[in-house]
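Participant: What follows is protein_36.txt; its format and atoms are compact mmCIF, C-alpha atoms and all ligand atoms.
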```txt
# COMPACT_ATOMS: atom_id res chain seq x y z
CA MET A 1 77.70 76.81 36.36
CA LYS A 2 80.01 79.08 38.34
CA GLN A 3 79.14 82.62 39.40
CA ILE A 4 81.36 85.12 41.17
CA ILE A 5 79.77 88.06 42.95
CA TYR A 6 82.45 90.72 43.31
CA ASN A 7 82.75 94.29 44.61
CA ILE A 8 80.70 93.35 47.67
CA GLY A 9 80.83 96.30 50.10
CA THR A 10 79.99 94.03 53.04
CA LEU A 11 79.33 90.31 53.00
CA ALA A 12 77.14 89.81 56.08
CA GLY A 13 75.75 86.82 57.93
CA ILE A 14 78.74 84.48 57.69
CA LEU A 15 78.55 81.41 59.94
CA ASP A 16 80.68 78.30 60.34
CA GLU A 17 79.32 75.05 59.00
CA GLY A 18 77.21 73.17 61.52
CA VAL A 19 75.81 76.21 63.36
CA LEU A 20 72.06 75.57 63.25
CA LYS A 21 70.83 78.39 65.52
CA LEU A 22 72.14 81.23 67.67
CA GLU A 23 71.17 81.43 71.33
CA GLY A 24 71.43 84.18 73.94
CA SER A 25 74.41 86.51 73.53
CA ARG A 26 75.47 84.66 70.37
CA MET A 27 72.62 86.54 68.70
CA ASN A 28 74.41 89.85 69.32
CA HIS A 29 76.91 89.50 66.52
CA VAL A 30 76.72 89.28 62.72
CA GLU A 31 79.98 88.09 61.21
CA SER A 32 80.90 90.13 58.15
CA ILE A 33 83.80 90.90 55.84
CA SER A 34 84.15 94.07 53.83
CA ASP A 35 85.40 94.37 50.24
CA ALA A 36 84.53 90.79 49.53
CA TYR A 37 83.65 88.33 46.81
CA LEU A 38 81.50 85.22 46.90
CA VAL A 39 81.73 82.14 44.67
CA VAL A 40 78.61 80.17 43.79
CA GLU A 41 78.69 76.84 41.98
CA ASP A 42 75.49 75.25 40.75
CA GLY A 43 73.48 77.34 43.17
CA ILE A 44 75.61 76.44 46.19
CA ILE A 45 77.98 78.77 48.05
CA ALA A 46 81.45 77.48 47.15
CA GLY A 47 83.83 80.10 48.48
CA LEU A 48 84.34 83.63 49.72
CA GLY A 49 87.10 86.02 50.49
CA SER A 50 88.49 89.50 50.43
CA MET A 51 88.57 91.31 47.05
CA ASP A 52 92.36 91.71 47.19
CA THR A 53 92.70 87.93 46.95
CA LEU A 54 90.45 87.61 43.90
CA GLU A 55 92.37 87.29 40.68
CA GLY A 56 91.33 88.31 37.22
CA ILE A 57 87.74 89.49 36.94
CA GLY A 58 86.72 89.06 33.36
CA SER A 59 84.20 87.15 31.44
CA ASP A 60 84.94 83.66 30.34
CA ASN A 61 82.65 80.90 29.16
CA GLU A 62 82.65 78.99 32.42
CA THR A 63 82.09 81.82 34.88
CA ALA A 64 79.50 84.57 35.17
CA TYR A 65 80.56 87.66 37.08
CA ILE A 66 78.03 89.73 39.03
CA ASP A 67 79.05 93.21 40.17
CA ALA A 68 77.58 93.98 43.62
CA LYS A 69 78.65 97.63 43.15
CA GLY A 70 79.61 98.10 46.78
CA GLY A 71 76.31 96.89 48.22
CA TYR A 72 75.68 94.42 51.02
CA VAL A 73 75.33 90.74 50.20
CA MET A 74 73.48 88.72 52.81
CA PRO A 75 71.40 85.56 53.11
CA CYS A 76 67.74 85.79 52.11
CA PHE A 77 65.18 85.90 54.90
CA CYS A 78 63.55 82.65 55.98
CA ASP A 79 59.89 83.16 56.86
CA SER A 80 59.08 80.25 59.17
CA HIS A 81 55.40 81.05 59.82
CA THR A 82 52.91 82.05 57.12
CA HIS A 83 49.38 81.36 55.91
CA ILE A 84 49.91 82.66 52.37
CA VAL A 85 47.62 80.13 50.71
CA TYR A 86 44.21 81.74 51.10
CA ALA A 87 41.38 82.89 48.87
CA GLY A 88 40.25 86.49 48.45
CA CYS A 89 40.81 88.74 51.45
CA ARG A 90 39.04 90.07 54.54
CA ASP A 91 38.86 93.79 53.86
CA GLY A 92 35.36 93.97 55.37
CA GLU A 93 36.77 92.82 58.70
CA PHE A 94 39.41 95.51 58.41
CA ARG A 95 36.55 98.00 58.71
CA ASP A 96 35.14 96.11 61.74
CA LYS A 97 38.55 96.20 63.35
CA ILE A 98 38.91 99.95 62.78
CA ALA A 99 35.44 100.39 64.27
CA GLY A 100 36.73 98.74 67.44
CA LEU A 101 35.97 95.01 67.27
CA SER A 102 38.69 92.70 68.58
CA TYR A 103 40.06 89.66 66.73
CA GLU A 104 38.04 87.41 69.07
CA GLU A 105 34.83 89.43 68.55
CA ILE A 106 35.17 89.23 64.77
CA ALA A 107 35.74 85.46 65.03
CA ALA A 108 32.78 85.02 67.40
CA ARG A 109 30.48 86.68 64.82
CA GLY A 110 31.43 83.94 62.32
CA GLY A 111 34.08 86.05 60.63
CA GLY A 112 37.79 85.51 60.89
CA ILE A 113 39.20 82.11 59.99
CA LEU A 114 35.71 80.74 59.15
CA ASN A 115 35.19 83.60 56.70
CA SER A 116 38.42 82.58 54.92
CA ALA A 117 37.28 78.93 54.99
CA ASP A 118 34.04 79.87 53.16
CA LEU A 119 35.99 81.81 50.54
CA LEU A 120 38.46 78.96 50.09
CA HIS A 121 35.67 76.40 49.73
CA ALA A 122 34.19 78.43 46.87
CA THR A 123 37.54 78.75 45.06
CA SER A 124 38.96 76.13 42.69
CA GLU A 125 42.36 74.59 43.34
CA ASP A 126 43.81 76.25 40.24
CA GLU A 127 42.51 79.66 41.22
CA LEU A 128 43.79 79.22 44.78
CA TYR A 129 47.21 78.37 43.39
CA ARG A 130 47.13 81.44 41.13
CA GLN A 131 46.21 83.81 43.95
CA SER A 132 48.79 82.27 46.28
CA MET A 133 51.59 82.44 43.72
CA GLU A 134 51.10 86.20 43.52
CA ARG A 135 52.00 86.35 47.21
CA VAL A 136 54.88 83.91 46.76
CA ASN A 137 56.35 86.16 44.08
CA GLU A 138 55.67 89.24 46.20
CA ILE A 139 57.64 87.92 49.20
CA MET A 140 60.45 86.63 47.01
CA ALA A 141 60.94 90.12 45.55
CA MET A 142 61.19 91.45 49.11
CA GLY A 143 64.03 89.07 49.93
CA THR A 144 62.41 85.92 51.30
CA GLY A 145 64.16 82.77 50.10
CA ALA A 146 62.36 80.12 52.16
CA VAL A 147 58.82 79.99 53.45
CA GLU A 148 56.71 77.74 55.66
CA ILE A 149 53.05 77.67 54.59
CA LYS A 150 50.17 76.38 56.70
CA SER A 151 46.85 74.88 55.77
CA GLY A 152 43.95 75.71 58.10
CA TYR A 153 41.44 77.56 55.92
CA GLY A 154 39.93 74.29 54.72
CA LEU A 155 38.54 72.83 57.95
CA THR A 156 36.96 69.89 56.09
CA VAL A 157 38.90 66.84 54.93
CA GLU A 158 38.61 67.75 51.26
CA ASP A 159 39.38 71.44 51.64
CA GLU A 160 42.40 70.83 53.88
CA ILE A 161 43.73 68.39 51.26
CA LYS A 162 43.03 71.00 48.56
CA MET A 163 45.11 73.59 50.44
CA LEU A 164 47.96 71.17 51.04
CA ARG A 165 48.01 70.19 47.37
CA VAL A 166 48.31 73.86 46.47
CA ILE A 167 51.24 74.16 48.90
CA ARG A 168 52.83 71.09 47.27
CA ARG A 169 52.39 72.69 43.85
CA ILE A 170 54.09 75.88 45.10
CA LYS A 171 56.92 73.68 46.40
CA GLU A 172 57.29 72.10 42.98
CA THR A 173 56.98 75.22 40.85
CA SER A 174 58.49 78.12 42.80
CA PRO A 175 62.22 78.57 43.29
CA LEU A 176 61.67 79.13 47.02
CA THR A 177 62.38 76.45 49.59
CA VAL A 178 58.92 75.59 50.92
CA LYS A 179 57.78 73.63 53.99
CA ALA A 180 54.13 72.57 54.40
CA ASN A 181 52.39 72.65 57.76
CA PHE A 182 49.04 70.91 58.35
CA LEU A 183 46.86 73.18 60.53
CA GLY A 184 43.51 71.38 60.43
CA ALA A 185 43.03 72.54 64.03
CA HIS A 186 43.00 76.23 63.17
CA ALA A 187 39.31 76.64 64.08
CA VAL A 188 36.37 74.27 64.50
CA GLY A 189 34.79 73.87 61.04
CA ARG A 190 31.29 75.34 60.63
CA ALA A 191 29.61 71.93 60.39
CA TYR A 192 31.02 71.01 63.82
CA LYS A 193 29.89 74.13 65.70
CA GLY A 194 29.42 73.20 69.37
CA ARG A 195 31.04 69.79 68.78
CA GLN A 196 34.71 70.59 69.26
CA ASP A 197 35.59 67.06 70.47
CA GLU A 198 34.15 65.55 67.33
CA TYR A 199 36.07 68.02 65.20
CA VAL A 200 39.30 67.01 66.96
CA ASP A 201 38.34 63.38 66.21
CA LEU A 202 38.00 64.35 62.54
CA VAL A 203 41.46 65.96 62.56
CA CYS A 204 43.01 62.88 64.23
CA ASN A 205 41.15 60.07 62.53
CA GLU A 206 40.41 61.36 59.04
CA MET A 207 42.51 64.38 58.17
CA LEU A 208 45.88 63.28 59.59
CA PRO A 209 45.80 59.78 58.03
CA ARG A 210 45.01 61.28 54.58
CA VAL A 211 47.65 63.97 54.96
CA ALA A 212 50.24 61.39 56.00
CA GLU A 213 49.25 58.93 53.27
CA GLU A 214 49.65 61.57 50.56
CA GLY A 215 52.87 62.88 52.20
CA LEU A 216 51.44 66.40 52.15
CA ALA A 217 52.83 67.83 55.40
CA ASP A 218 56.28 68.40 56.83
CA TYR A 219 54.80 69.65 60.12
CA VAL A 220 51.59 69.73 62.12
CA ASP A 221 50.18 72.80 63.88
CA VAL A 222 47.38 73.55 66.35
CA PHE A 223 45.97 76.96 67.31
CA CYS A 224 46.27 76.29 71.04
CA ASP A 225 44.65 79.39 72.49
CA ALA A 226 41.63 80.81 74.28
CA GLY A 227 38.46 80.25 72.25
CA PHE A 228 40.21 77.87 69.85
CA PHE A 229 41.86 74.57 70.92
CA THR A 230 42.75 73.44 74.44
CA VAL A 231 45.96 71.87 75.69
CA GLU A 232 44.12 68.52 75.80
CA ASP A 233 42.96 68.86 72.16
CA THR A 234 46.51 69.80 71.21
CA ALA A 235 48.03 66.80 73.00
CA ARG A 236 45.59 64.45 71.24
CA ILE A 237 46.50 65.81 67.82
CA LEU A 238 50.25 65.84 68.49
CA GLU A 239 50.10 62.29 69.85
CA LYS A 240 48.46 61.12 66.65
CA ALA A 241 50.85 63.13 64.44
CA ALA A 242 53.80 61.56 66.27
CA GLN A 243 52.55 58.14 65.12
CA TYR A 244 53.09 59.37 61.57
CA GLY A 245 56.44 60.95 62.45
CA ILE A 246 55.16 64.50 61.85
CA ARG A 247 56.80 67.07 64.12
CA PRO A 248 54.78 69.96 65.58
CA LYS A 249 55.11 73.72 65.24
CA ILE A 250 52.48 75.30 67.48
CA HIS A 251 50.41 78.51 67.63
CA ALA A 252 50.59 79.42 71.31
CA ASN A 253 49.91 82.33 73.65
CA GLU A 254 48.61 84.86 71.14
CA LEU A 255 45.34 85.64 72.93
CA GLU A 256 46.02 84.20 76.40
CA VAL A 257 48.69 82.34 78.34
CA SER A 258 47.40 79.06 76.91
CA GLY A 259 49.75 76.26 77.98
CA GLY A 260 50.62 75.90 74.31
CA VAL A 261 54.32 76.44 74.90
CA GLN A 262 54.51 73.67 77.50
CA VAL A 263 52.54 71.16 75.44
CA GLY A 264 54.67 72.06 72.41
CA VAL A 265 57.90 71.46 74.30
CA ARG A 266 56.49 68.19 75.69
CA TYR A 267 55.95 66.94 72.12
CA GLU A 268 59.34 68.26 70.94
CA ALA A 269 57.89 70.97 68.73
CA LEU A 270 60.37 72.52 66.33
CA SER A 271 58.92 75.91 67.24
CA VAL A 272 56.25 77.57 69.36
CA ASP A 273 54.94 80.70 67.70
CA HIS A 274 53.26 84.01 68.61
CA LEU A 275 54.06 84.33 72.37
CA GLU A 276 52.50 87.78 72.64
CA LYS A 277 51.26 86.72 76.09
CA THR A 278 53.99 85.07 78.11
CA THR A 279 55.11 84.70 81.67
CA ASP A 280 58.44 83.54 83.04
CA ALA A 281 57.05 79.99 83.13
CA GLU A 282 57.21 79.83 79.31
CA ILE A 283 60.84 80.96 79.34
CA GLU A 284 61.61 78.24 81.89
CA ALA A 285 59.74 75.62 79.87
CA LEU A 286 61.84 76.40 76.79
CA ARG A 287 65.22 76.14 78.52
CA GLY A 288 67.22 73.17 77.31
CA SER A 289 64.64 72.27 74.66
CA GLY A 290 65.17 72.10 70.90
CA THR A 291 62.07 74.28 70.40
CA MET A 292 62.54 77.70 68.79
CA PRO A 293 60.47 80.51 70.34
CA THR A 294 59.16 82.42 67.34
CA MET A 295 57.57 85.85 67.59
CA LEU A 296 55.37 87.52 64.99
CA PRO A 297 55.59 91.28 65.45
CA GLY A 298 53.50 91.96 62.32
CA CYS A 299 50.56 90.37 64.14
CA SER A 300 51.17 92.48 67.27
CA PHE A 301 51.30 95.54 65.02
CA PHE A 302 48.11 94.77 63.11
CA LEU A 303 45.99 93.58 66.04
CA GLY A 304 47.42 96.00 68.60
CA LEU A 305 48.63 93.14 70.81
CA PRO A 306 51.66 93.28 73.11
CA TYR A 307 54.97 92.48 71.41
CA GLY A 308 56.77 89.29 72.45
CA ARG A 309 59.36 89.61 75.21
CA ALA A 310 62.22 88.74 72.89
CA LYS A 311 64.88 90.53 74.96
CA ASP A 312 63.95 88.55 78.08
CA TYR A 313 64.20 85.30 76.14
CA ILE A 314 67.63 86.26 74.81
CA GLU A 315 68.81 87.37 78.26
CA ALA A 316 67.72 83.96 79.54
CA GLY A 317 70.11 82.41 77.00
CA LEU A 318 67.38 81.30 74.59
CA PRO A 319 67.28 81.80 70.83
CA VAL A 320 64.50 83.84 69.22
CA ALA A 321 63.19 83.72 65.65
CA LEU A 322 60.94 86.26 63.95
CA ALA A 323 58.48 85.52 61.15
CA SER A 324 55.78 87.42 59.26
CA ASP A 325 52.63 85.34 59.95
CA TYR A 326 51.43 86.62 56.54
CA ASN A 327 47.66 85.94 56.58
CA PRO A 328 44.43 87.80 55.76
CA GLY A 329 43.24 88.27 59.36
CA SER A 330 46.04 89.18 61.71
CA SER A 331 49.05 90.11 59.59
CA PRO A 332 48.40 90.94 55.95
CA SER A 333 52.05 91.48 55.08
CA GLY A 334 54.97 89.20 54.28
CA ASN A 335 57.60 91.90 54.29
CA MET A 336 60.44 90.48 56.38
CA ARG A 337 62.27 93.81 56.36
CA PHE A 338 59.28 95.29 58.14
CA VAL A 339 59.36 92.36 60.58
CA MET A 340 63.05 93.00 61.19
CA ALA A 341 62.32 96.71 61.73
CA LEU A 342 59.50 95.94 64.20
CA GLY A 343 61.94 93.65 66.00
CA CYS A 344 64.20 96.65 66.49
CA ILE A 345 61.68 99.44 67.00
CA LYS A 346 59.00 97.67 69.04
CA MET A 347 60.87 94.78 70.66
CA ARG A 348 64.13 96.70 71.14
CA LEU A 349 66.28 94.03 69.54
CA THR A 350 69.57 95.29 68.18
CA PRO A 351 69.78 95.25 64.37
CA GLU A 352 72.13 92.27 64.67
CA GLN A 353 69.75 90.31 66.93
CA SER A 354 66.83 91.09 64.62
CA PHE A 355 68.85 90.03 61.56
CA ASN A 356 69.81 86.70 63.18
CA ALA A 357 66.18 86.17 64.22
CA CYS A 358 65.03 86.57 60.57
CA THR A 359 67.77 84.45 58.99
CA ILE A 360 69.53 81.59 60.81
CA ASN A 361 67.03 81.23 63.67
CA SER A 362 63.98 81.39 61.43
CA ALA A 363 65.70 78.85 59.16
CA TYR A 364 65.99 76.59 62.22
CA ALA A 365 62.31 77.17 63.04
CA MET A 366 61.33 75.68 59.69
CA GLY A 367 63.93 72.92 59.69
CA VAL A 368 66.22 74.26 56.97
CA SER A 369 69.12 75.83 58.86
CA ASP A 370 71.45 73.07 57.63
CA ILE A 371 70.99 74.37 54.06
CA LEU A 372 69.91 78.03 54.44
CA GLY A 373 69.97 81.07 56.73
CA SER A 374 73.62 82.11 56.53
CA ILE A 375 76.60 82.65 54.28
CA THR A 376 78.29 79.28 54.71
CA VAL A 377 80.17 77.20 52.15
CA GLY A 378 77.91 74.32 51.15
CA LYS A 379 74.64 76.14 51.77
CA LYS A 380 72.17 77.18 49.06
CA ALA A 381 72.98 80.54 47.54
CA ASN A 382 69.76 82.38 48.40
CA LEU A 383 71.10 85.90 48.51
CA ILE A 384 70.07 89.54 48.76
CA ILE A 385 72.22 92.17 47.10
CA THR A 386 71.54 95.72 48.30
CA LYS A 387 72.43 99.14 46.99
CA PRO A 388 75.41 100.64 48.82
CA ILE A 389 74.15 101.33 52.37
CA PRO A 390 75.99 102.70 55.39
CA SER A 391 75.40 99.78 57.76
CA LEU A 392 73.40 96.65 58.52
CA ALA A 393 71.26 98.77 60.85
CA PHE A 394 70.16 100.91 57.88
CA ILE A 395 68.04 98.03 56.51
CA SER A 396 65.80 98.16 59.61
CA TYR A 397 66.20 101.86 60.37
CA CYS A 398 65.09 103.13 56.93
CA HIS A 399 62.87 100.12 56.40
CA GLN A 400 60.77 101.68 53.64
CA THR A 401 63.74 102.78 51.53
CA PRO A 402 63.99 100.38 48.58
CA VAL A 403 67.55 99.20 49.13
CA ILE A 404 67.16 95.67 47.77
CA GLU A 405 68.81 95.65 44.37
CA LYS A 406 68.62 91.96 43.53
CA VAL A 407 67.38 88.71 45.02
CA LEU A 408 69.17 85.56 43.85
CA ILE A 409 67.46 82.27 44.61
CA HIS A 410 69.58 79.13 44.43
O1 LIG B 501 48.64 83.26 63.22
N1 LIG B 501 46.19 82.91 65.16
C1 LIG B 501 45.82 82.10 64.34
N2 LIG B 501 46.05 82.11 63.04
C2 LIG B 501 46.52 83.24 62.33
C3 LIG B 501 45.43 84.16 61.95
C4 LIG B 501 44.54 83.52 60.99
C5 LIG B 501 43.46 84.40 60.48
O2 LIG B 501 42.95 85.28 61.19
O3 LIG B 501 43.13 84.18 59.32
C6 LIG B 501 47.63 83.91 63.09
O4 LIG B 501 47.50 85.03 63.57
FE FE B 502 49.73 82.08 62.30
```
Could you quickly redo this structure as structure tokens?

Facilitator:
Amino acid sequence: MKQIIYNIGTLAGILDEGVLKLEGSRMNHVESISDAYLVVEDGIIAGLGSMDTLEGIGSDNETAYIDAKGGYVMPCFCDSHTHIVYAGCRDGEFRDKIAGLSYEEIAARGGGILNSADLLHATSEDELYRQSMERVNEIMAMGTGAVEIKSGYGLTVEDEIKMLRVIRRIKETSPLTVKANFLGAHAVGRAYKGRQDEYVDLVCNEMLPRVAEEGLADYVDVFCDAGFFTVEDTARILEKAAQYGIRPKIHANELEVSGGVQVGVRYEALSVDHLEKTTDAEIEALRGSGTMPTMLPGCSFFLGLPYGRAKDYIEAGLPVALASDYNPGSSPSGNMRFVMALGCIKMRLTPEQSFNACTINSAYAMGVSDILGSITVGKKANLIITKPIPSLAFISYCHQTPVIEKVLIH
């Protein structure tokens, strides 16, 4: 089936084939054409051009015409870091947080991730799928076309497998492009309190083999941070995952400068994520690597943490991706427009840098930038059509104004 989107005010986010990420000053620019059309064939971008070269708009049996009415057309957001499969919510902890408790204090009282693990344990797989699909549909309506989803609220073999099966079901039933990340090492499960080494053994010797055998994970993750898992724990898990050919994406440097970036780079992580706490050593460690530094400004916003030093990374010639971290404890929102706005307002990225961080670079950070993240012939047509707006900057500037008119997935 052929579709032609015409009367596009600005077609934004055009990249040549083969560009998988944008680094340093290449993030400063968003290639666009005005008064454009876009051709889609069987869900794939097949052509584009200026309206004055488009002949004969009219309905025929083979082609559907979509009037963009002068709005922007741009690639959907790719959200490369989420925990959207979870049960219930943690609104009680929201009160604790307002009362002044830190994320670490809430976790130390047995709340936090362990609270979500208890809720998930008590929830059936079908119900977990139902609750999660509500969030999948929510983010899709806000313009997300691809999402990475982590496990990590199971923390027992059976509950981790349950979560990963729900992620697989989302992959099979939702139109979004989905990547699954096994995060058994999100926290030490309750039954292993005080026996962290034995829990890491469980992750390596029981969880990972099952996950690999059932083909449930595209990636492996570890929460490598103060009070959670050490660099040594992380290395053990990544070593084992490498035996199964599973590439890491790591939680690093949210609470402390943890060494997570360096161990991630050592094991060729696709991305290292959070980076609220970083020194120049992390920037140096990332130079020349294939690892995407990914920052999660929604988490900084919600927990009152410092924002990642995205500008310093870009000035050092590195790429930066942004993602939502949608989860019940540190970032209960999957709105990538808000993420893009925080990138501008709090991290002082230009609207163009923030846009590239939420599209092509976040596509790279979840391993899909060969098929998504830009307007490129041959890529999947995951597209946002906006109302007529004055500029690309407007999307971040007036980030609460409902400018998204339509989201087309594939
Ligand atoms: O990315 N930091 C670790 N994991 C999540 C939070 C998980 C939770 O609190 O439920 C994050 O912020
Ligand atoms: Fe996270």

Participant: Please report the interatomic distance between atom CA of Thr10 of chain A and atom CA of Ser34 of chain A in Å with one decimal.

Facilitator: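 Straight-line distance from atom CA of Thr10 of chain A to atom CA of Ser34 of chain A works out to 4.2 Å.
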
Participant: How would you write, as a PyMOL selection string, the set of residues no farther than 10 Å from ligand LIG 501 (chain B) when counting all atoms listed in the file?

Facilitator: chain A and resi 81-84+86+89-90+103-104+106-107+111-117+150+152-153+183+185-187+222-225+228+250-255+273-274+296+298-300+302-303+324-332

Participant: Show me, as a PDB file with C-alpha atoms, in the frame of the given file, the residues that have an atom within 12 Å of segment 261-263 of chain A when counting all atoms listed in the file, minus same-chain residues fewer than 6 positions from it.

Facilitator:
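Produced file part.pdb, reproduced below:
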```pdb
ATOM      1  CA  ASP A 221      50.180  72.800  63.880  1.00  0.00           C
ATOM      2  CA  VAL A 222      47.380  73.550  66.350  1.00  0.00           C
ATOM      3  CA  PHE A 223      45.970  76.960  67.310  1.00  0.00           C
ATOM      4  CA  CYS A 224      46.270  76.290  71.040  1.00  0.00           C
ATOM      5  CA  ASP A 225      44.650  79.390  72.490  1.00  0.00           C
ATOM      6  CA  THR A 230      42.750  73.440  74.440  1.00  0.00           C
ATOM      7  CA  VAL A 231      45.960  71.870  75.690  1.00  0.00           C
ATOM      8  CA  GLU A 232      44.120  68.520  75.800  1.00  0.00           C
ATOM      9  CA  ASP A 233      42.960  68.860  72.160  1.00  0.00           C
ATOM     10  CA  THR A 234      46.510  69.800  71.210  1.00  0.00           C
ATOM     11  CA  ALA A 235      48.030  66.800  73.000  1.00  0.00           C
ATOM     12  CA  ARG A 236      45.590  64.450  71.240  1.00  0.00           C
ATOM     13  CA  ILE A 237      46.500  65.810  67.820  1.00  0.00           C
ATOM     14  CA  LEU A 238      50.250  65.840  68.490  1.00  0.00           C
ATOM     15  CA  GLU A 239      50.100  62.290  69.850  1.00  0.00           C
ATOM     16  CA  PRO A 248      54.780  69.960  65.580  1.00  0.00           C
ATOM     17  CA  LYS A 249      55.110  73.720  65.240  1.00  0.00           C
ATOM     18  CA  ILE A 250      52.480  75.300  67.480  1.00  0.00           C
ATOM     19  CA  HIS A 251      50.410  78.510  67.630  1.00  0.00           C
ATOM     20  CA  ALA A 252      50.590  79.420  71.310  1.00  0.00           C
ATOM     21  CA  ASN A 253      49.910  82.330  73.650  1.00  0.00           C
ATOM     22  CA  GLU A 254      48.610  84.860  71.140  1.00  0.00           C
ATOM     23  CA  ALA A 269      57.890  70.970  68.730  1.00  0.00           C
ATOM     24  CA  LEU A 270      60.370  72.520  66.330  1.00  0.00           C
ATOM     25  CA  SER A 271      58.920  75.910  67.240  1.00  0.00           C
ATOM     26  CA  VAL A 272      56.250  77.570  69.360  1.00  0.00           C
ATOM     27  CA  ASP A 273      54.940  80.700  67.700  1.00  0.00           C
ATOM     28  CA  HIS A 274      53.260  84.010  68.610  1.00  0.00           C
ATOM     29  CA  LEU A 275      54.060  84.330  72.370  1.00  0.00           C
ATOM     30  CA  GLU A 276      52.500  87.780  72.640  1.00  0.00           C
ATOM     31  CA  LYS A 277      51.260  86.720  76.090  1.00  0.00           C
ATOM     32  CA  THR A 278      53.990  85.070  78.110  1.00  0.00           C
ATOM     33  CA  THR A 279      55.110  84.700  81.670  1.00  0.00           C
ATOM     34  CA  ASP A 280      58.440  83.540  83.040  1.00  0.00           C
ATOM     35  CA  ALA A 281      57.050  79.990  83.130  1.00  0.00           C
ATOM     36  CA  GLU A 282      57.210  79.830  79.310  1.00  0.00           C
ATOM     37  CA  ILE A 283      60.840  80.960  79.340  1.00  0.00           C
ATOM     38  CA  GLU A 284      61.610  78.240  81.890  1.00  0.00           C
ATOM     39  CA  ALA A 285      59.740  75.620  79.870  1.00  0.00           C
ATOM     40  CA  LEU A 286      61.840  76.400  76.790  1.00  0.00           C
ATOM     41  CA  ARG A 287      65.220  76.140  78.520  1.00  0.00           C
ATOM     42  CA  SER A 289      64.640  72.270  74.660  1.00  0.00           C
ATOM     43  CA  THR A 291      62.070  74.280  70.400  1.00  0.00           C
ATOM     44  CA  MET A 292      62.540  77.700  68.790  1.00  0.00           C
ATOM     45  CA  PRO A 293      60.470  80.510  70.340  1.00  0.00           C
ATOM     46  CA  THR A 294      59.160  82.420  67.340  1.00  0.00           C
TER      47      THR A 294
END
```

Participant: Go ahead and compute the interatomic distance for atom CA of Pro209 of chain A and atom CA of Thr173 of chain A, in Å to one decimal.

Facilitator: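 Spanning atom CA of Pro209 of chain A to atom CA of Thr173 of chain A is a straight-line distance of 25.7 Å.
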
Participant: Identify which of the residues A:Val377, A:Met366, A:Ile384, A:Val203 lies closest to Ile14 of chain A, counting only C-alpha atoms when measuring atom-to-atom distances.

Facilitator: A:Val377

Participant: To one decimal place in Å, what is the distance between atom CA of Gly18 of chain A and atom CA of Val136 of chain A?

Facilitator: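 The value is 28.8 Å.
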
Participant: So, counting all atoms listed in the file, which residue among A:Leu216, A:Cys398, A:Cys204, A:Val85 is closest to ligand FE 502 (chain B)?

Facilitator: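 Under the stated criterion, the closest residue is A:Val85.
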
Participant: Between A:Glu148, A:Tyr364, A:Gly378, A:Gln243, which is the closest to ligand FE 502 (chain B) once you count all atoms listed in the file?

Facilitator: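 Using all atoms listed in the file, ligand FE 502 (chain B) sits closest to A:Glu148.
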
Participant: If I wrap all listed atoms of segment 186-205 of chain A in a box with edges along x, y and z and add 8 Å on each side, what are its centre and edge lengths in Å to one decimal, as AutoDock Vina command-line options?

Facilitator:
```
--center_x 36.2 --center_y 68.4 --center_z 65.4 --size_x 29.6 --size_y 32.6 --size_z 26.1
```
